Structure formats: structure tokens, C-alpha cells
$ cat target34.cif   # mmCIF, C-alpha atoms
data_upload
#
loop_
_atom_site.group_PDB
_atom_site.id
_atom_site.type_symbol
_atom_site.label_atom_id
_atom_site.label_comp_id
_atom_site.auth_asym_id
_atom_site.auth_seq_id
_atom_site.Cartn_x
_atom_site.Cartn_y
_atom_site.Cartn_z
ATOM 1 C CA MET A 1 10.801 -6.108 27.185
ATOM 2 C CA THR A 2 13.333 -3.337 27.307
ATOM 3 C CA ASN A 3 13.281 0.313 28.359
ATOM 4 C CA ASN A 4 15.639 1.352 25.558
ATOM 5 C CA ARG A 5 13.759 3.638 23.137
ATOM 6 C CA PHE A 6 16.150 2.704 20.326
ATOM 7 C CA SER A 7 15.159 -0.947 20.566
ATOM 8 C CA LEU A 8 12.454 -2.291 18.257
ATOM 9 C CA PHE A 9 11.004 -4.133 21.260
ATOM 10 C CA TRP A 10 10.313 -0.848 23.033
ATOM 11 C CA TRP A 11 8.077 0.151 20.115
ATOM 12 C CA SER A 12 6.399 -3.262 20.112
ATOM 13 C CA SER A 13 4.408 -2.181 23.152
ATOM 14 C CA PRO A 14 0.943 -1.075 21.883
ATOM 15 C CA ALA A 15 1.051 2.029 24.110
ATOM 16 C CA ASN A 16 4.434 3.189 22.764
ATOM 17 C CA PHE A 17 3.559 2.317 19.168
ATOM 18 C CA TYR A 18 0.231 4.164 19.420
ATOM 19 C CA GLN A 19 2.015 7.373 20.417
ATOM 20 C CA LEU A 20 4.764 6.979 17.827
ATOM 21 C CA ALA A 21 2.206 6.351 15.047
ATOM 22 C CA GLY A 22 0.234 9.403 16.142
ATOM 23 C CA THR A 23 3.353 11.570 15.922
ATOM 24 C CA LEU A 24 4.551 10.243 12.556
ATOM 25 C CA ALA A 25 1.290 9.846 10.591
ATOM 26 C CA PRO A 26 0.535 13.594 10.063
ATOM 27 C CA TRP A 27 4.110 14.251 8.868
ATOM 28 C CA PHE A 28 3.935 11.425 6.344
ATOM 29 C CA GLY A 29 0.471 12.613 5.263
ATOM 30 C CA ALA A 30 1.713 16.167 4.685
ATOM 31 C CA ALA A 31 4.803 14.898 2.821
ATOM 32 C CA ALA A 32 2.591 12.705 0.613
ATOM 33 C CA ALA A 33 0.341 15.660 -0.283
ATOM 34 C CA ILE A 34 3.283 17.954 -1.117
ATOM 35 C CA LEU A 35 5.161 15.306 -3.115
ATOM 36 C CA ALA A 36 2.024 14.287 -5.054
ATOM 37 C CA THR A 37 1.350 17.942 -5.950
ATOM 38 C CA VAL A 38 4.943 18.442 -7.182
ATOM 39 C CA GLY A 39 4.980 15.068 -8.975
ATOM 40 C CA LEU A 40 1.674 15.676 -10.769
ATOM 41 C CA TYR A 41 2.762 19.189 -11.802
ATOM 42 C CA MET A 42 6.007 17.789 -13.236
ATOM 43 C CA GLY A 43 4.202 14.872 -14.852
ATOM 44 C CA PHE A 44 1.646 17.023 -16.645
ATOM 45 C CA PHE A 45 3.413 20.359 -17.252
ATOM 46 C CA VAL A 46 7.161 19.690 -17.314
ATOM 47 C CA ALA A 47 7.620 16.162 -18.729
ATOM 48 C CA PRO A 48 7.528 16.133 -22.541
ATOM 49 C CA THR A 49 5.133 14.169 -24.764
ATOM 50 C CA ASP A 50 6.430 10.675 -25.534
ATOM 51 C CA ALA A 51 7.584 10.177 -29.130
ATOM 52 C CA GLN A 52 5.912 6.744 -29.476
ATOM 53 C CA GLN A 53 2.979 6.719 -27.039
ATOM 54 C CA GLY A 54 1.945 10.377 -27.181
ATOM 55 C CA GLU A 55 0.088 11.621 -24.093
ATOM 56 C CA ALA A 56 -1.150 8.166 -23.016
ATOM 57 C CA TYR A 57 2.204 7.474 -21.349
ATOM 58 C CA ARG A 58 1.310 10.005 -18.591
ATOM 59 C CA ILE A 59 -0.556 7.138 -16.901
ATOM 60 C CA ILE A 60 2.960 5.973 -15.932
ATOM 61 C CA PHE A 61 3.042 8.540 -13.097
ATOM 62 C CA ILE A 62 0.448 6.554 -11.171
ATOM 63 C CA HIS A 63 0.712 3.096 -12.745
ATOM 64 C CA VAL A 64 4.367 2.435 -11.890
ATOM 65 C CA PRO A 65 4.298 3.867 -8.319
ATOM 66 C CA ALA A 66 1.059 1.933 -7.639
ATOM 67 C CA ALA A 67 2.535 -1.324 -8.977
ATOM 68 C CA TRP A 68 5.756 -0.865 -6.979
ATOM 69 C CA MET A 69 3.864 -0.015 -3.796
ATOM 70 C CA ALA A 70 1.549 -3.010 -4.234
ATOM 71 C CA MET A 71 4.603 -5.315 -4.271
ATOM 72 C CA ILE A 72 6.606 -3.511 -1.560
ATOM 73 C CA THR A 73 3.596 -3.256 0.760
ATOM 74 C CA TYR A 74 3.026 -7.006 0.425
ATOM 75 C CA LEU A 75 6.656 -7.717 1.329
ATOM 76 C CA ALA A 76 6.405 -5.314 4.291
ATOM 77 C CA MET A 77 3.206 -7.053 5.388
ATOM 78 C CA ALA A 78 4.867 -10.492 5.133
ATOM 79 C CA PHE A 79 7.914 -9.153 7.021
ATOM 80 C CA TRP A 80 5.822 -7.897 9.956
ATOM 81 C CA CYS A 81 3.856 -11.173 9.918
ATOM 82 C CA ALA A 82 7.154 -13.080 10.206
ATOM 83 C CA VAL A 83 8.242 -10.789 13.071
ATOM 84 C CA PHE A 84 4.915 -11.549 14.782
ATOM 85 C CA LEU A 85 5.326 -15.316 14.363
ATOM 86 C CA ILE A 86 8.931 -15.278 15.630
ATOM 87 C CA TRP A 87 8.739 -12.788 18.516
ATOM 88 C CA LYS A 88 4.967 -12.876 19.223
ATOM 89 C CA THR A 89 4.786 -9.071 19.097
ATOM 90 C CA ARG A 90 1.089 -8.224 18.698
ATOM 91 C CA VAL A 91 1.812 -4.780 17.256
ATOM 92 C CA SER A 92 3.580 -6.421 14.275
ATOM 93 C CA ALA A 93 0.404 -8.343 13.444
ATOM 94 C CA MET A 94 -1.664 -5.175 13.874
ATOM 95 C CA PHE A 95 0.616 -3.206 11.547
ATOM 96 C CA ALA A 96 0.489 -5.987 8.925
ATOM 97 C CA GLN A 97 -3.305 -5.924 9.211
ATOM 98 C CA ALA A 98 -3.216 -2.135 8.743
ATOM 99 C CA LEU A 99 -1.119 -2.356 5.566
ATOM 100 C CA ALA A 100 -3.345 -4.863 3.727
ATOM 101 C CA PRO A 101 -6.170 -2.523 2.546
ATOM 102 C CA THR A 102 -3.660 0.027 1.204
ATOM 103 C CA GLY A 103 -1.771 -2.720 -0.635
ATOM 104 C CA ALA A 104 -5.035 -3.990 -2.101
ATOM 105 C CA MET A 105 -5.927 -0.448 -3.183
ATOM 106 C CA PHE A 106 -2.562 -0.014 -4.946
ATOM 107 C CA SER A 107 -2.913 -3.433 -6.637
ATOM 108 C CA PHE A 108 -6.329 -2.447 -7.937
ATOM 109 C CA VAL A 109 -5.046 0.953 -9.149
ATOM 110 C CA ALA A 110 -2.079 -0.743 -10.880
ATOM 111 C CA LEU A 111 -4.405 -3.189 -12.665
ATOM 112 C CA TRP A 112 -6.970 -0.537 -13.591
ATOM 113 C CA THR A 113 -4.445 2.005 -14.896
ATOM 114 C CA GLY A 114 -2.586 -0.821 -16.662
ATOM 115 C CA ALA A 115 -5.787 -1.749 -18.477
ATOM 116 C CA LEU A 116 -6.388 1.870 -19.497
ATOM 117 C CA TRP A 117 -2.793 2.161 -20.679
ATOM 118 C CA GLY A 118 -2.872 -1.208 -22.439
ATOM 119 C CA ARG A 119 -5.861 -0.331 -24.627
ATOM 120 C CA PRO A 120 -4.225 2.566 -26.556
ATOM 121 C CA THR A 121 -0.736 0.985 -26.638
ATOM 122 C CA TRP A 122 -1.402 -2.770 -27.036
ATOM 123 C CA GLY A 123 -4.945 -2.632 -28.391
ATOM 124 C CA ALA A 124 -6.340 -4.644 -25.436
ATOM 125 C CA TYR A 125 -7.517 -3.810 -21.921
ATOM 126 C CA TRP A 126 -6.486 -7.208 -20.610
ATOM 127 C CA VAL A 127 -4.434 -10.224 -21.704
ATOM 128 C CA TRP A 128 -3.681 -13.336 -19.626
ATOM 129 C CA ASP A 129 -0.036 -12.363 -19.560
ATOM 130 C CA ALA A 130 2.329 -13.501 -16.760
ATOM 131 C CA ARG A 131 2.838 -9.969 -15.345
ATOM 132 C CA LEU A 132 -0.863 -9.075 -15.401
ATOM 133 C CA THR A 133 -2.042 -12.431 -14.068
ATOM 134 C CA SER A 134 0.480 -12.502 -11.203
ATOM 135 C CA THR A 135 -0.538 -8.938 -10.249
ATOM 136 C CA LEU A 136 -4.186 -10.040 -10.225
ATOM 137 C CA ILE A 137 -3.149 -12.911 -7.920
ATOM 138 C CA LEU A 138 -1.482 -10.289 -5.673
ATOM 139 C CA LEU A 139 -4.812 -8.455 -5.398
ATOM 140 C CA PHE A 140 -6.537 -11.753 -4.515
ATOM 141 C CA LEU A 141 -3.844 -12.459 -1.897
ATOM 142 C CA TYR A 142 -4.528 -9.098 -0.255
ATOM 143 C CA LEU A 143 -8.292 -9.723 -0.320
ATOM 144 C CA GLY A 144 -7.731 -13.271 0.977
ATOM 145 C CA PHE A 145 -5.565 -11.933 3.822
ATOM 146 C CA ILE A 146 -8.256 -9.405 4.822
ATOM 147 C CA ALA A 147 -11.066 -11.977 4.528
ATOM 148 C CA LEU A 148 -9.181 -14.659 6.479
ATOM 149 C CA ARG A 149 -8.219 -12.179 9.205
ATOM 150 C CA ASN A 150 -11.841 -11.066 9.597
ATOM 151 C CA SER A 151 -13.364 -14.544 9.431
ATOM 152 C CA ILE A 152 -11.740 -15.828 12.649
ATOM 153 C CA ASP A 153 -13.085 -14.479 15.941
ATOM 154 C CA ASP A 154 -10.103 -15.461 18.086
ATOM 155 C CA GLU A 155 -7.621 -12.592 17.489
ATOM 156 C CA ARG A 156 -4.527 -14.722 18.101
ATOM 157 C CA LYS A 157 -5.609 -17.508 15.770
ATOM 158 C CA ALA A 158 -6.658 -14.924 13.161
ATOM 159 C CA ASP A 159 -3.238 -13.255 13.361
ATOM 160 C CA LYS A 160 -1.439 -16.586 12.980
ATOM 161 C CA ALA A 161 -3.543 -17.812 10.044
ATOM 162 C CA ALA A 162 -3.287 -14.488 8.212
ATOM 163 C CA ALA A 163 0.469 -14.316 8.900
ATOM 164 C CA LEU A 164 1.004 -17.740 7.352
ATOM 165 C CA LEU A 165 -0.997 -16.744 4.267
ATOM 166 C CA ALA A 166 1.005 -13.504 3.916
ATOM 167 C CA ILE A 167 4.353 -15.291 4.220
ATOM 168 C CA VAL A 168 3.461 -18.092 1.780
ATOM 169 C CA GLY A 169 1.957 -15.562 -0.641
ATOM 170 C CA SER A 170 5.138 -13.474 -0.708
ATOM 171 C CA ILE A 171 6.565 -15.976 -3.228
ATOM 172 C CA ASN A 172 4.283 -14.223 -5.742
ATOM 173 C CA VAL A 173 6.202 -10.924 -5.494
ATOM 174 C CA PRO A 174 9.454 -12.095 -7.184
ATOM 175 C CA ILE A 175 7.265 -13.902 -9.738
ATOM 176 C CA ILE A 176 5.608 -10.559 -10.596
ATOM 177 C CA TYR A 177 8.949 -8.759 -10.751
ATOM 178 C CA PHE A 178 10.776 -11.314 -12.895
ATOM 179 C CA SER A 179 7.757 -12.443 -14.970
ATOM 180 C CA VAL A 180 8.758 -10.202 -17.874
ATOM 181 C CA LYS A 181 12.181 -11.888 -17.960
ATOM 182 C CA TRP A 182 11.084 -15.484 -17.336
ATOM 183 C CA TRP A 183 8.230 -15.627 -19.843
ATOM 184 C CA ASN A 184 7.397 -14.087 -23.189
ATOM 185 C CA SER A 185 5.332 -11.108 -22.147
ATOM 186 C CA LEU A 186 3.348 -8.376 -23.821
ATOM 187 C CA HIS A 187 4.210 -6.184 -20.842
ATOM 188 C CA GLN A 188 7.349 -4.133 -21.372
ATOM 189 C CA GLY A 189 10.492 -4.876 -19.347
ATOM 190 C CA ALA A 190 11.770 -2.663 -16.541
ATOM 191 C CA SER A 191 12.354 0.958 -17.605
ATOM 192 C CA VAL A 192 14.142 1.708 -14.343
ATOM 193 C CA SER A 193 16.573 -0.659 -12.675
ATOM 194 C CA PRO A 194 19.580 -0.203 -10.396
ATOM 195 C CA ALA A 195 21.611 -2.264 -12.874
ATOM 196 C CA MET A 196 21.146 -0.059 -15.954
ATOM 197 C CA ALA A 197 20.650 3.503 -17.154
ATOM 198 C CA PRO A 198 16.988 4.635 -17.285
ATOM 199 C CA LYS A 199 15.223 4.277 -20.646
ATOM 200 C CA MET A 200 13.242 7.509 -20.346
ATOM 201 C CA ALA A 201 13.735 11.274 -20.335
ATOM 202 C CA GLN A 202 15.141 12.768 -17.119
ATOM 203 C CA THR A 203 12.020 14.853 -16.349
ATOM 204 C CA MET A 204 9.742 11.832 -16.860
ATOM 205 C CA LEU A 205 11.919 9.777 -14.515
ATOM 206 C CA THR A 206 12.063 12.553 -11.891
ATOM 207 C CA ALA A 207 8.272 12.994 -11.923
ATOM 208 C CA MET A 208 7.785 9.231 -11.626
ATOM 209 C CA LEU A 209 10.222 8.949 -8.711
ATOM 210 C CA ILE A 210 8.577 11.887 -6.901
ATOM 211 C CA MET A 211 5.182 10.204 -7.320
ATOM 212 C CA THR A 212 6.726 6.980 -5.977
ATOM 213 C CA LEU A 213 7.983 8.850 -2.895
ATOM 214 C CA ALA A 214 4.477 10.311 -2.483
ATOM 215 C CA ALA A 215 3.046 6.776 -2.614
ATOM 216 C CA TRP A 216 5.562 5.632 0.047
ATOM 217 C CA CYS A 217 4.629 8.522 2.349
ATOM 218 C CA TYR A 218 0.902 7.932 1.738
ATOM 219 C CA THR A 219 1.289 4.233 2.631
ATOM 220 C CA PHE A 220 3.156 5.079 5.849
ATOM 221 C CA ALA A 221 0.593 7.746 6.821
ATOM 222 C CA VAL A 222 -2.470 5.621 6.125
ATOM 223 C CA GLY A 223 -0.869 2.453 7.540
ATOM 224 C CA LEU A 224 0.086 4.167 10.807
ATOM 225 C CA TYR A 225 -3.287 5.874 11.103
ATOM 226 C CA ARG A 226 -5.159 2.598 10.518
ATOM 227 C CA ALA A 227 -2.834 0.771 12.923
ATOM 228 C CA ARG A 228 -3.843 3.273 15.629
ATOM 229 C CA SER A 229 -7.518 2.421 15.082
ATOM 230 C CA ILE A 230 -6.695 -1.301 15.276
ATOM 231 C CA VAL A 231 -4.737 -0.736 18.491
ATOM 232 C CA ILE A 232 -7.715 1.148 20.018
ATOM 233 C CA ASP A 233 -10.075 -1.626 18.925
ATOM 234 C CA ARG A 234 -7.960 -4.490 20.230
ATOM 235 C CA GLU A 235 -6.640 -2.809 23.364
ATOM 236 C CA ALA A 236 -10.033 -1.421 24.418
ATOM 237 C CA GLY A 237 -10.302 -1.740 28.190
ATOM 238 C CA SER A 238 -6.558 -1.635 28.830
ATOM 239 C CA SER A 239 -5.302 0.725 31.509
ATOM 240 C CA TRP A 240 -2.920 2.697 29.270
ATOM 241 C CA LEU A 241 -5.752 3.507 26.823
ATOM 242 C CA LYS A 242 -7.982 4.640 29.709
ATOM 243 C CA ALA A 243 -5.162 6.855 30.949
ATOM 244 C CA LEU A 244 -5.062 8.583 27.546
ATOM 245 C CA GLY A 245 -8.725 9.460 28.014
ATOM 246 C CA MET B 1 -2.885 11.905 -29.558
ATOM 247 C CA THR B 2 -5.745 13.767 -27.830
ATOM 248 C CA THR B 3 -8.005 10.732 -28.341
ATOM 249 C CA HIS B 4 -6.215 9.156 -25.386
ATOM 250 C CA THR B 5 -7.349 11.860 -22.974
ATOM 251 C CA HIS B 6 -10.212 9.717 -21.608
ATOM 252 C CA PHE B 7 -7.768 6.933 -20.711
ATOM 253 C CA ILE B 8 -5.672 9.408 -18.720
ATOM 254 C CA ILE B 9 -8.749 10.909 -17.030
ATOM 255 C CA GLY B 10 -10.046 7.394 -16.255
ATOM 256 C CA SER B 11 -6.754 6.456 -14.603
ATOM 257 C CA TYR B 12 -6.374 9.568 -12.454
ATOM 258 C CA ALA B 13 -10.079 9.574 -11.529
ATOM 259 C CA ALA B 14 -9.776 5.934 -10.377
ATOM 260 C CA LEU B 15 -6.816 6.842 -8.172
ATOM 261 C CA ALA B 16 -8.673 9.828 -6.701
ATOM 262 C CA ILE B 17 -11.797 7.740 -5.984
ATOM 263 C CA ALA B 18 -9.710 4.911 -4.480
ATOM 264 C CA VAL B 19 -7.826 7.309 -2.175
ATOM 265 C CA LEU B 20 -11.005 9.128 -1.112
ATOM 266 C CA LEU B 21 -12.762 5.816 -0.403
ATOM 267 C CA GLU B 22 -9.786 4.610 1.631
ATOM 268 C CA LEU B 23 -9.706 7.832 3.669
ATOM 269 C CA TYR B 24 -13.474 7.597 4.246
ATOM 270 C CA PHE B 25 -13.236 4.008 5.523
ATOM 271 C CA LEU B 26 -10.184 4.938 7.593
ATOM 272 C CA ARG B 27 -12.156 7.662 9.353
ATOM 273 C CA ARG B 28 -15.136 5.352 9.848
ATOM 274 C CA GLN B 29 -12.923 2.595 11.286
ATOM 275 C CA ARG B 30 -11.427 5.060 13.785
ATOM 276 C CA GLN B 31 -14.849 6.308 14.876
ATOM 277 C CA GLN B 32 -16.099 2.723 15.363
ATOM 278 C CA ALA B 33 -12.966 1.812 17.335
ATOM 279 C CA LEU B 34 -13.440 4.842 19.606
ATOM 280 C CA VAL B 35 -17.123 3.997 20.163
ATOM 281 C CA THR B 36 -16.192 0.396 21.093
ATOM 282 C CA ALA B 37 -13.411 1.576 23.434
ATOM 283 C CA LEU B 38 -15.753 4.047 25.144
ATOM 284 C CA ALA B 39 -18.470 1.415 25.582
ATOM 285 C CA ILE B 40 -15.997 -1.036 27.152
ATOM 286 C CA ALA B 41 -14.583 1.682 29.403
ATOM 287 C CA LYS B 42 -18.120 2.553 30.634
ATOM 288 C CA GLU B 43 -18.909 -1.122 31.193
ATOM 289 C CA ASN B 44 -15.784 -1.611 33.281
ATOM 290 C CA SER B 45 -16.206 1.539 35.375
#
$ encode --input "target34.cif" --output "C-alpha cells"
Amino acid sequence: MTNNRFSLFWWSSPANFYQLAGTLAPWFGAAAAILATVGLYMGFFVAPTDAQQGEAYRIIFIHVPAAWMAMITYLAMAFWCAVFLIWKTRVSAMFAQALAPTGAMFSFVALWTGALWGRPTWGAYWVWDARLTSTLILLFLYLGFIALRNSIDDERKADKAAALLAIVGSINVPIIYFSVKWWNSLHQGASVSPAMAPKMAQTMLTAMLIMTLAAWCYTFAVGLYRARSIVIDREAGSSWLKALG
Amino acid sequence: MTTHTHFIIGSYAALAIAVLLELYFLRRQRQQALVTALAIAKENS
């Protein structure tokens, strides 16, 4: 290991990571609360009523950020699992473990709000459409990751098995993203993409992006906070934890 | 258009419940981890 604070390996020490997470988590939590307040105000009081969908479209301000975060969190989880498998850094596995419940929560919220948006706009809560089905599989992957991780007593074996599942399962994320292009889908295509101009009013887009930032900050805050609990649990008895009191 | 209000309320209520549940379990997990750490520390001392 290295003594350079700017090296990722310095932060891979549970003691250093624990302190860093404790410093960052409250800031991310506060940012999430402020951004969510601003985003919800803009979404409900500034953004206009949609010409086609009326007020029902306002579900977009949680549906889209939740769906994006569900996918991004899974990729982040798979990334840290890969880092763990390559460099054997235990903190990477702990952080991946910490991200899973939040990813599962966002997957559930995306599916639930999608159903409640689908009913007034499509006439159905659920259809076995490629986008919806692959998102449901994402939720099952999260639940499978959590269940597999908890079903093995040996921490190292549990980390390895769960890491493999996370990495293999990450193939589902591009399937979700491109499903609306690859198959005939009831789900609408992307309204926001780096490759084209947005298909919605500026205030709607701004509110949605602010809510997305809030979701990012929330995920960081909750992930770091949960990772600290995991570190305490798995490092119980270590000298550095005793020194902290 | 107002007939869709319950779909909007249902969506935002689900998010609020999900976040509150997550924060509750987060707090509980931390308390359990601290109890375990304290018990091990006492055992070792």
C-alpha cells in the first residue's frame, strides 16, 4: 500500500475509507435535500402542464431519475466488484455491498412510478415490454446480489460470489438502455440524450436534471453511510476501530 | 386532467415511503454494527 493520499489505494484501507466516508456523507445528504427541494418546487410550480399528458407527466421528475440511478448504481456496483476481484481491496467489495439496497430501491421506484404513469398514458399498469421486463430483471439482480451475499458465511467467498454475479449481470444495463431501439416497444424512446436536442420544455428538463442530481447525491450519502456500518461490522475487533473509541 | 392526481400522489408517496424505509434500516444497521463491535471489543479486553 502507499502513503500517498491522492492514490486510490490509500483510500482502500478500511480505516482511511471510514473517515473519508464520514466526512463526505453529511455533505452529500445536505446537497440531496436542498436539490430535491428545489427540483420538486420547479417540477410542481414552475414547469408547465404537458400539452398531451396533462398533469400525469409530473411523475417524470422521480421516474426518470430513479430509472437512471438504478442503472448507474448497478454499473458502479459492478465496477467496484471488478476492482475487488482484480486488486483484492476489501473496501471495494464493502462499497459494492453498500450500494445494492439503494439500487434496488431505485429500481422498485422506477417500476412503481412507471406503472402509475403507464395507466393514464398507455391504458395499462404493466406490459411485458422489453424495457419494463429488463428493468424488472435489474431489480431481481439487485435482490439476488443481496441474497447471495448474505447466504454465504465466509466473507471472502461471499464477496467473490456476489462480485461475479454483479459483473455478469451488468450486461443487462445496456439491454435496458437500448431496448427501446432494438425492439418494438410501448415505452417511449429517450427524451434526453447527449446526441440530440431535448424533446421537452426547458423548465421541465431543468427540474428533471436537478432531481437527477439530488438522486446522485442521495445515493452517495446513503452508500457511504451504509459502507461505514459495513466497515464497523466487518472490522470489529481491529485496532484502528478500537482507537476510534 | 385532475383525474390523474391519484397517480401522481401514489408515485411521490411511494418514493417517500421507500426513502424513509431505507433511512430506517440504515440507522438500524448502524446500531447493530456498533453493538457487535462493542461486544467484540469487550470480549477481547
$ closest_atom_pairs --input "target34.cif" --of "chain A" --to "chain B" --cutoff "9 Å" --atoms "only C-alpha atoms" --output "Markdown table"
| residue | atom | partner | partner_atom | distance |
| --- | --- | --- | --- | --- |
| A:Gln53 | CA | B:Met1 | CA | 8.2 |
| A:Gly54 | CA | B:Met1 | CA | 5.6 |
| A:Glu55 | CA | B:Met1 | CA | 6.2 |
| A:Ala56 | CA | B:His4 | CA | 5.7 |
| A:Tyr57 | CA | B:Ile8 | CA | 8.5 |
| A:Arg58 | CA | B:Ile8 | CA | 7.0 |
| A:Ile59 | CA | B:Ile8 | CA | 5.9 |
| A:Ile62 | CA | B:Tyr12 | CA | 7.6 |
| A:His63 | CA | B:Ser11 | CA | 8.4 |
| A:Pro101 | CA | B:Glu22 | CA | 8.0 |
| A:Thr102 | CA | B:Glu22 | CA | 7.7 |
| A:Met105 | CA | B:Ala18 | CA | 6.7 |
| A:Phe106 | CA | B:Leu15 | CA | 8.7 |
| A:Phe108 | CA | B:Ala18 | CA | 8.8 |
| A:Val109 | CA | B:Leu15 | CA | 6.2 |
| A:Trp112 | CA | B:Ser11 | CA | 7.1 |
| A:Thr113 | CA | B:Ser11 | CA | 5.0 |
| A:Gly114 | CA | B:Ser11 | CA | 8.6 |
| A:Leu116 | CA | B:Phe7 | CA | 5.4 |
| A:Trp117 | CA | B:Phe7 | CA | 6.9 |
| A:Arg119 | CA | B:Phe7 | CA | 8.5 |
| A:Pro120 | CA | B:His4 | CA | 7.0 |
| A:Val222 | CA | B:Leu26 | CA | 7.9 |
| A:Tyr225 | CA | B:Leu26 | CA | 7.8 |
| A:Arg226 | CA | B:Leu26 | CA | 6.3 |
| A:Arg228 | CA | B:Arg30 | CA | 8.0 |
| A:Ser229 | CA | B:Arg30 | CA | 4.9 |
| A:Ile230 | CA | B:Ala33 | CA | 7.3 |
| A:Val231 | CA | B:Ala33 | CA | 8.7 |
| A:Ile232 | CA | B:Ala33 | CA | 5.9 |
| A:Asp233 | CA | B:Ala33 | CA | 4.8 |
| A:Arg234 | CA | B:Ala33 | CA | 8.6 |
| A:Glu235 | CA | B:Ala37 | CA | 8.1 |
| A:Ala236 | CA | B:Ala37 | CA | 4.6 |
| A:Gly237 | CA | B:Ala41 | CA | 5.6 |
| A:Ser238 | CA | B:Ala41 | CA | 8.7 |
| A:Leu241 | CA | B:Ala37 | CA | 8.6 |
| A:Lys242 | CA | B:Ala41 | CA | 7.2 |
$ write_last_selection --input "target34.cif" --atoms "C-alpha atoms" --output "short mmCIF file (atom, residue, chain, number, x, y, z; two decimals), keeping the file's coordinate frame"
data_model
loop_
_atom_site.label_atom_id
_atom_site.label_comp_id
_atom_site.auth_asym_id
_atom_site.auth_seq_id
_atom_site.Cartn_x
_atom_site.Cartn_y
_atom_site.Cartn_z
CA GLN A 53 2.98 6.72 -27.04
CA GLY A 54 1.94 10.38 -27.18
CA GLU A 55 0.09 11.62 -24.09
CA ALA A 56 -1.15 8.17 -23.02
CA TYR A 57 2.20 7.47 -21.35
CA ARG A 58 1.31 10.01 -18.59
CA ILE A 59 -0.56 7.14 -16.90
CA ILE A 62 0.45 6.55 -11.17
CA HIS A 63 0.71 3.10 -12.74
CA PRO A 101 -6.17 -2.52 2.55
CA THR A 102 -3.66 0.03 1.20
CA MET A 105 -5.93 -0.45 -3.18
CA PHE A 106 -2.56 -0.01 -4.95
CA PHE A 108 -6.33 -2.45 -7.94
CA VAL A 109 -5.05 0.95 -9.15
CA TRP A 112 -6.97 -0.54 -13.59
CA THR A 113 -4.44 2.00 -14.90
CA GLY A 114 -2.59 -0.82 -16.66
CA LEU A 116 -6.39 1.87 -19.50
CA TRP A 117 -2.79 2.16 -20.68
CA ARG A 119 -5.86 -0.33 -24.63
CA PRO A 120 -4.22 2.57 -26.56
CA VAL A 222 -2.47 5.62 6.12
CA TYR A 225 -3.29 5.87 11.10
CA ARG A 226 -5.16 2.60 10.52
CA ARG A 228 -3.84 3.27 15.63
CA SER A 229 -7.52 2.42 15.08
CA ILE A 230 -6.70 -1.30 15.28
CA VAL A 231 -4.74 -0.74 18.49
CA ILE A 232 -7.72 1.15 20.02
CA ASP A 233 -10.07 -1.63 18.92
CA ARG A 234 -7.96 -4.49 20.23
CA GLU A 235 -6.64 -2.81 23.36
CA ALA A 236 -10.03 -1.42 24.42
CA GLY A 237 -10.30 -1.74 28.19
CA SER A 238 -6.56 -1.64 28.83
CA LEU A 241 -5.75 3.51 26.82
CA LYS A 242 -7.98 4.64 29.71
#
$ residues_around --input "target34.cif" --residues "Ala30 in chain A" --least-positions-apart "3" --cutoff "10 Å" --atoms "all atoms listed in the file" --output "PyMOL selection string"
chain A and resi 25-27+33-36+214+217-218+221
$ axis_aligned_box --input "target34.cif" --around "range 214-222 of chain A" --padding-each-side "5 Å" --output "JSON"
{"center_x": 1.5, "center_y": 7.3, "center_z": 2.1, "size_x": 18.0, "size_y": 16.1, "size_z": 19.4}
$ residues_around --input "target34.cif" --residues "Ala161 in chain A" --least-positions-apart "2" --cutoff "12 Å" --atoms "all atoms listed in the file" --output "PDB file with C-alpha atoms, in the frame of the given file"
ATOM      1  CA  CYS A  81       3.856 -11.173   9.918  1.00  0.00           C
ATOM      2  CA  ALA A  82       7.154 -13.080  10.206  1.00  0.00           C
ATOM      3  CA  PHE A  84       4.915 -11.549  14.782  1.00  0.00           C
ATOM      4  CA  LEU A  85       5.326 -15.316  14.363  1.00  0.00           C
ATOM      5  CA  ALA A  93       0.404  -8.343  13.444  1.00  0.00           C
ATOM      6  CA  GLN A  97      -3.305  -5.924   9.211  1.00  0.00           C
ATOM      7  CA  GLY A 144      -7.731 -13.271   0.977  1.00  0.00           C
ATOM      8  CA  PHE A 145      -5.565 -11.933   3.822  1.00  0.00           C
ATOM      9  CA  ILE A 146      -8.256  -9.405   4.822  1.00  0.00           C
ATOM     10  CA  ALA A 147     -11.066 -11.977   4.528  1.00  0.00           C
ATOM     11  CA  LEU A 148      -9.181 -14.659   6.479  1.00  0.00           C
ATOM     12  CA  ARG A 149      -8.219 -12.179   9.205  1.00  0.00           C
ATOM     13  CA  ASN A 150     -11.841 -11.066   9.597  1.00  0.00           C
ATOM     14  CA  SER A 151     -13.364 -14.544   9.431  1.00  0.00           C
ATOM     15  CA  ILE A 152     -11.740 -15.828  12.649  1.00  0.00           C
ATOM     16  CA  ASP A 153     -13.085 -14.479  15.941  1.00  0.00           C
ATOM     17  CA  ASP A 154     -10.103 -15.461  18.086  1.00  0.00           C
ATOM     18  CA  GLU A 155      -7.621 -12.592  17.489  1.00  0.00           C
ATOM     19  CA  ARG A 156      -4.527 -14.722  18.101  1.00  0.00           C
ATOM     20  CA  LYS A 157      -5.609 -17.508  15.770  1.00  0.00           C
ATOM     21  CA  ALA A 158      -6.658 -14.924  13.161  1.00  0.00           C
ATOM     22  CA  ASP A 159      -3.238 -13.255  13.361  1.00  0.00           C
ATOM     23  CA  ALA A 163       0.469 -14.316   8.900  1.00  0.00           C
ATOM     24  CA  LEU A 164       1.004 -17.740   7.352  1.00  0.00           C
ATOM     25  CA  LEU A 165      -0.997 -16.744   4.267  1.00  0.00           C
ATOM     26  CA  ALA A 166       1.005 -13.504   3.916  1.00  0.00           C
ATOM     27  CA  ILE A 167       4.353 -15.291   4.220  1.00  0.00           C
ATOM     28  CA  VAL A 168       3.461 -18.092   1.780  1.00  0.00           C
TER      29      VAL A 168
END
$ atom_distance --input "target34.cif" --atom1 "CA of Gly118 in chain A" --atom2 "CA of Ala70 in chain A"
18.8 Å
$ residues_around --input "target34.cif" --residues "Gly43 in chain A" --least-positions-apart "4" --cutoff "8 Å" --atoms "all atoms listed in the file" --output "count of residues only"
8
$ atom_distance --input "target34.cif" --atom1 "CA of Gln52 in chain A" --atom2 "CA of Ser185 in chain A"
19.3 Å
$ atom_distance --input "target34.cif" --atom1 "CA of Trp182 in chain A" --atom2 "CA of Leu75 in chain A"
20.7 Å
